[in-house]
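See structure below.
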Amino acid sequence: MKFFLDTANLEELRKGAAWGVVDGVTTNPSLIAKEAVPMAEQVRRICEIVDGPVSAEVVATDYEGMLREGRANAALHPNIVVKCPLTRAGIQACSALSKEGIRVNVTLCFSPGQALLAAKAGAWCVSPFVGRLDDLGLEGMQVIRDICRIYSNYGFPTRVLAASLRSPLHVVQAAEAGAHIGTMPFKVLDQLFNHPLTGQGLDQFLKDYAKAFQGAGSGS
Ligand code: G3P
């Protein structure tokens, strides 16, 4: 499973990229707004940090507007993936942009039926939101499992990008379900490192080593 960072924060992206485990980036209008830098400018900066697909979402809600914005976003950098919402206009724009060779991430997907529409429209990937379904008391991860199975039944090339992942457990479950990509906040990527036995084990190794060779080399 590819790891994408779900952030528009350059510091977080630099840290993640330095670890060598970040394959791409997803942004949305809320994440861009947090950084207070216009979308085009921020997305350009992101593309300089992470060498992989970078999703840039349109804010138009009508078909013509999405086409215009989608084409403009795609022209910013070869790594840009245009993000369109799973509305009627968004699916129509996805269909048209995909035919032009522009990669589209269909976002705000909450059901397998919606994911079928994204695949039929030629989306490069679909983004089902796990955490937001969990927030409603539903099992978001089941939607990921269902979409993976349906896409595999028919050989749809559309990738399943598990989004709204809120914990390391979500990341692991998305991988188990067969999601092609998991996008996560920096905090969740950082939490994936943590295991108390790793820290304890390392402390013990270093103590044993220091004890065995204490003073060694000082008398030569
Ligand atoms: O970028 C879309 C998605 O990952 C948002 O996650 O936690 O705001 O539901 P969240």
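Starting from 1 in every chain, residues are counted up; chains themselves are A, B, ... following the order of the structure tokens, and ligands are numbered from 1 as listed.
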Notebook entry, point to check: Would you name the residues within 12 Å of ligand 1, counting only C-alpha atoms and all ligand atoms, and put them as a PyMOL selection string?
Noted result: chain A and resi 4-8+25-32+54-57+83-85+105-110+126-136+140+161-167+170-171+181-188
Could you save those same residues with C-alpha atoms as a PDB file, in the first residue's frame?
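As a result, out.pdb now contains:
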```pdb
ATOM      1  CA  PHE A   4       0.226   9.523   1.175  1.00  0.00           C
ATOM      2  CA  LEU A   5       0.292  12.387   3.654  1.00  0.00           C
ATOM      3  CA  ASP A   6      -3.024  14.169   4.084  1.00  0.00           C
ATOM      4  CA  THR A   7      -1.662  17.629   4.781  1.00  0.00           C
ATOM      5  CA  ALA A   8      -0.698  20.889   3.114  1.00  0.00           C
ATOM      6  CA  VAL A  25       0.147  13.908  -0.899  1.00  0.00           C
ATOM      7  CA  THR A  26      -3.553  14.679  -0.634  1.00  0.00           C
ATOM      8  CA  THR A  27      -4.876  18.130   0.109  1.00  0.00           C
ATOM      9  CA  ASN A  28      -8.368  19.541   0.375  1.00  0.00           C
ATOM     10  CA  PRO A  29      -9.684  23.112   0.636  1.00  0.00           C
ATOM     11  CA  SER A  30      -9.805  22.918   4.463  1.00  0.00           C
ATOM     12  CA  LEU A  31      -6.143  21.796   4.667  1.00  0.00           C
ATOM     13  CA  ILE A  32      -5.020  24.519   2.218  1.00  0.00           C
ATOM     14  CA  VAL A  54      -0.276  15.464  -5.273  1.00  0.00           C
ATOM     15  CA  SER A  55      -4.050  15.872  -5.145  1.00  0.00           C
ATOM     16  CA  ALA A  56      -5.343  19.423  -5.635  1.00  0.00           C
ATOM     17  CA  GLU A  57      -9.078  19.857  -5.188  1.00  0.00           C
ATOM     18  CA  LYS A  83      -9.610  16.178  -7.043  1.00  0.00           C
ATOM     19  CA  CYS A  84     -13.331  16.402  -7.825  1.00  0.00           C
ATOM     20  CA  PRO A  85     -16.203  15.741  -5.418  1.00  0.00           C
ATOM     21  CA  ASN A 105      -9.161  11.670  -7.583  1.00  0.00           C
ATOM     22  CA  VAL A 106     -12.893  11.450  -6.882  1.00  0.00           C
ATOM     23  CA  THR A 107     -13.341  12.521  -3.290  1.00  0.00           C
ATOM     24  CA  LEU A 108     -16.089  12.530  -0.654  1.00  0.00           C
ATOM     25  CA  CYS A 109     -17.021   8.944  -1.477  1.00  0.00           C
ATOM     26  CA  PHE A 110     -19.028   7.173   1.225  1.00  0.00           C
ATOM     27  CA  VAL A 126     -11.467   7.157  -5.489  1.00  0.00           C
ATOM     28  CA  SER A 127     -11.298   8.440  -1.915  1.00  0.00           C
ATOM     29  CA  PRO A 128     -13.702   6.737   0.492  1.00  0.00           C
ATOM     30  CA  PHE A 129     -13.659   8.486   3.895  1.00  0.00           C
ATOM     31  CA  VAL A 130     -13.312   5.928   6.691  1.00  0.00           C
ATOM     32  CA  GLY A 131     -13.229   8.132   9.802  1.00  0.00           C
ATOM     33  CA  ARG A 132     -16.218  10.243   8.834  1.00  0.00           C
ATOM     34  CA  LEU A 133     -18.344   7.092   8.461  1.00  0.00           C
ATOM     35  CA  ASP A 134     -17.069   5.857  11.835  1.00  0.00           C
ATOM     36  CA  ASP A 135     -18.148   9.236  13.253  1.00  0.00           C
ATOM     37  CA  LEU A 136     -21.726   8.332  12.302  1.00  0.00           C
ATOM     38  CA  GLY A 140     -16.071   2.896   7.488  1.00  0.00           C
ATOM     39  CA  LEU A 161      -7.335   5.582  -1.744  1.00  0.00           C
ATOM     40  CA  ALA A 162      -8.460   5.037   1.846  1.00  0.00           C
ATOM     41  CA  ALA A 163      -8.942   8.532   3.296  1.00  0.00           C
ATOM     42  CA  SER A 164      -9.984  10.020   6.603  1.00  0.00           C
ATOM     43  CA  LEU A 165      -7.680   7.511   8.340  1.00  0.00           C
ATOM     44  CA  ARG A 166      -7.399   8.613  11.950  1.00  0.00           C
ATOM     45  CA  SER A 167      -5.205   5.976  13.629  1.00  0.00           C
ATOM     46  CA  HIS A 170      -7.064   2.344  10.398  1.00  0.00           C
ATOM     47  CA  VAL A 171      -3.882   2.241   8.279  1.00  0.00           C
ATOM     48  CA  ILE A 181      -3.172   3.910  -1.123  1.00  0.00           C
ATOM     49  CA  GLY A 182      -3.742   5.113   2.437  1.00  0.00           C
ATOM     50  CA  THR A 183      -3.663   8.834   3.104  1.00  0.00           C
ATOM     51  CA  MET A 184      -3.100   9.915   6.674  1.00  0.00           C
ATOM     52  CA  PRO A 185      -2.318  12.993   8.751  1.00  0.00           C
ATOM     53  CA  PHE A 186       1.333  13.395   9.770  1.00  0.00           C
ATOM     54  CA  LYS A 187       0.413  12.480  13.365  1.00  0.00           C
ATOM     55  CA  VAL A 188      -0.807   9.032  12.270  1.00  0.00           C
TER      56      VAL A 188
END
```
For Asp23 in chain A, work out the shell of residues within 8 Å, counting only C-alpha atoms and skipping chain neighbours fewer than 5 positions away, then give it as a PDB file with N, CA and C atoms, in the first residue's frame.
```
ATOM      1  N   LYS A   2       0.528   2.186  -0.875  1.00  0.00           N
ATOM      2  CA  LYS A   2       1.290   3.437  -0.885  1.00  0.00           C
ATOM      3  C   LYS A   2       0.826   4.319   0.278  1.00  0.00           C
ATOM      4  N   PHE A   3       1.776   5.076   0.830  1.00  0.00           N
ATOM      5  CA  PHE A   3       1.470   6.010   1.915  1.00  0.00           C
ATOM      6  C   PHE A   3       1.442   7.432   1.357  1.00  0.00           C
ATOM      7  N   PHE A   4       0.308   8.102   1.506  1.00  0.00           N
ATOM      8  CA  PHE A   4       0.226   9.523   1.175  1.00  0.00           C
ATOM      9  C   PHE A   4       0.042  10.300   2.480  1.00  0.00           C
ATOM     10  N   VAL A  50       7.718  16.631  -2.258  1.00  0.00           N
ATOM     11  CA  VAL A  50       7.372  15.209  -2.410  1.00  0.00           C
ATOM     12  C   VAL A  50       7.298  14.857  -3.888  1.00  0.00           C
ATOM     13  N   ASP A  51       8.030  13.829  -4.272  1.00  0.00           N
ATOM     14  CA  ASP A  51       8.040  13.394  -5.671  1.00  0.00           C
ATOM     15  C   ASP A  51       7.026  12.260  -5.844  1.00  0.00           C
ATOM     16  N   GLY A  52       5.780  12.634  -6.076  1.00  0.00           N
ATOM     17  CA  GLY A  52       4.709  11.651  -6.232  1.00  0.00           C
ATOM     18  C   GLY A  52       3.412  12.385  -6.480  1.00  0.00           C
ATOM     19  N   PRO A  53       2.325  11.649  -6.678  1.00  0.00           N
ATOM     20  CA  PRO A  53       1.048  12.305  -6.963  1.00  0.00           C
ATOM     21  C   PRO A  53       0.620  13.265  -5.847  1.00  0.00           C
TER      22      PRO A  53
END
```
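Considering the residues A:Ala96, A:Ala210, A:Leu189, A:Pro78 and counting only C-alpha atoms, Glu12 in chain A has its shortest atom-to-atom contact with A:Leu189.
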Checklist line | Of the listed residues A:Lys211, A:Ala72, A:Leu169, A:Ser95, that which approaches Gln191 in chain A most closely, counting only C-alpha atoms | finding: A:Leu169
Within 6 Å of range 141-157 of chain A using only C-alpha atoms, minus same-chain residues under 2 positions, as a CSV table (one decimal) with N, CA, C and O atoms, in the first residue's frame:
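Final output, part-v9.csv:
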```csv
chain,number,residue,atom,x,y,z
A,112,PRO,N,-20.1,2.1,-1.7
A,112,PRO,CA,-19.6,1.3,-2.9
A,112,PRO,C,-20.3,1.7,-4.2
A,112,PRO,O,-19.7,1.7,-5.3
A,130,VAL,N,-13.1,6.9,5.6
A,130,VAL,CA,-13.3,5.9,6.7
A,130,VAL,C,-13.8,6.6,8.0
A,130,VAL,O,-14.8,6.3,8.5
A,139,GLU,N,-19.4,1.4,10.0
A,139,GLU,CA,-18.1,0.8,9.9
A,139,GLU,C,-17.4,1.2,8.6
A,139,GLU,O,-17.6,0.6,7.6
A,177,ALA,N,-7.4,-4.7,3.9
A,177,ALA,CA,-8.5,-4.7,3.0
A,177,ALA,C,-8.1,-4.7,1.5
A,177,ALA,O,-8.9,-4.9,0.6
```
Item checked: DSSP-assigned strand (DSSP E) members of chain A, reported as a PyMOL selection string -> chain A and resi 2-6+24-26+54-57+80-85+104-109+125-128+159-162+181-184
Now that the selection is made, can you save its residues with C-alpha atoms as an mmCIF file, in the first residue's frame?
```
data_model
loop_
_atom_site.group_PDB
_atom_site.id
_atom_site.type_symbol
_atom_site.label_atom_id
_atom_site.label_comp_id
_atom_site.auth_asym_id
_atom_site.auth_seq_id
_atom_site.Cartn_x
_atom_site.Cartn_y
_atom_site.Cartn_z
ATOM 1 C CA LYS A 2 1.290 3.437 -0.885
ATOM 2 C CA PHE A 3 1.470 6.010 1.915
ATOM 3 C CA PHE A 4 0.226 9.523 1.175
ATOM 4 C CA LEU A 5 0.292 12.387 3.654
ATOM 5 C CA ASP A 6 -3.024 14.169 4.084
ATOM 6 C CA GLY A 24 2.318 11.200 -2.418
ATOM 7 C CA VAL A 25 0.147 13.908 -0.899
ATOM 8 C CA THR A 26 -3.553 14.679 -0.634
ATOM 9 C CA VAL A 54 -0.276 15.464 -5.273
ATOM 10 C CA SER A 55 -4.050 15.872 -5.145
ATOM 11 C CA ALA A 56 -5.343 19.423 -5.635
ATOM 12 C CA GLU A 57 -9.078 19.857 -5.188
ATOM 13 C CA ILE A 80 -0.875 16.997 -9.893
ATOM 14 C CA VAL A 81 -3.961 14.816 -9.587
ATOM 15 C CA VAL A 82 -7.174 16.828 -9.874
ATOM 16 C CA LYS A 83 -9.610 16.178 -7.043
ATOM 17 C CA CYS A 84 -13.331 16.402 -7.825
ATOM 18 C CA PRO A 85 -16.203 15.741 -5.418
ATOM 19 C CA VAL A 104 -8.673 12.545 -11.245
ATOM 20 C CA ASN A 105 -9.161 11.670 -7.583
ATOM 21 C CA VAL A 106 -12.893 11.450 -6.882
ATOM 22 C CA THR A 107 -13.341 12.521 -3.290
ATOM 23 C CA LEU A 108 -16.089 12.530 -0.654
ATOM 24 C CA CYS A 109 -17.021 8.944 -1.477
ATOM 25 C CA CYS A 125 -8.472 6.927 -7.792
ATOM 26 C CA VAL A 126 -11.467 7.157 -5.489
ATOM 27 C CA SER A 127 -11.298 8.440 -1.915
ATOM 28 C CA PRO A 128 -13.702 6.737 0.492
ATOM 29 C CA ARG A 159 -7.176 2.869 -7.269
ATOM 30 C CA VAL A 160 -8.791 2.767 -3.833
ATOM 31 C CA LEU A 161 -7.335 5.582 -1.744
ATOM 32 C CA ALA A 162 -8.460 5.037 1.846
ATOM 33 C CA ILE A 181 -3.172 3.910 -1.123
ATOM 34 C CA GLY A 182 -3.742 5.113 2.437
ATOM 35 C CA THR A 183 -3.663 8.834 3.104
ATOM 36 C CA MET A 184 -3.100 9.915 6.674
#
```
Do a neighbour search on Leu117 in chain A at 9 Å with only C-alpha atoms, toss out local chain neighbours closer than 6 positions, and write the hits as a PDB file with C-alpha atoms, in the first residue's frame.
```pdb
ATOM      1  CA  LEU A  86     -18.528  12.816  -5.921  1.00  0.00           C
ATOM      2  CA  ILE A  91     -18.417  12.733 -12.003  1.00  0.00           C
ATOM      3  CA  ALA A 123     -11.138   8.106 -12.125  1.00  0.00           C
TER       4      ALA A 123
END
```
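Distance check against Leu138 in chain A using only C-alpha atoms: of A:Thr158, A:Ala179, A:Asp190, A:Ser111, the minimum falls on A:Ser111.
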Note to self: Based on the backbone DSSP call, show me all residues of range 5-208 of chain A assigned helix (DSSP H, G or I), as a ChimeraX atom specification.
What the structure shows: /A:10-19,29-35,39-49,63-76,88-99,112-120,130-134,140-154,168-177,186-191,196-208
Checklist line | Coordinates-based distance that separates CA of Leu97 in chain A from CA of Arg71 in chain A (Å, one decimal) | finding: 7.6 Å
Note to self: I'd like the neighbourhood of Gln92 in chain A as a VMD selection string, where a residue qualifies if any of its atoms comes within 9 Å (using only C-alpha atoms), though same-chain residues fewer than 5 positions away should be ignored.
What the structure shows: chain A and resid 63 87 97 121
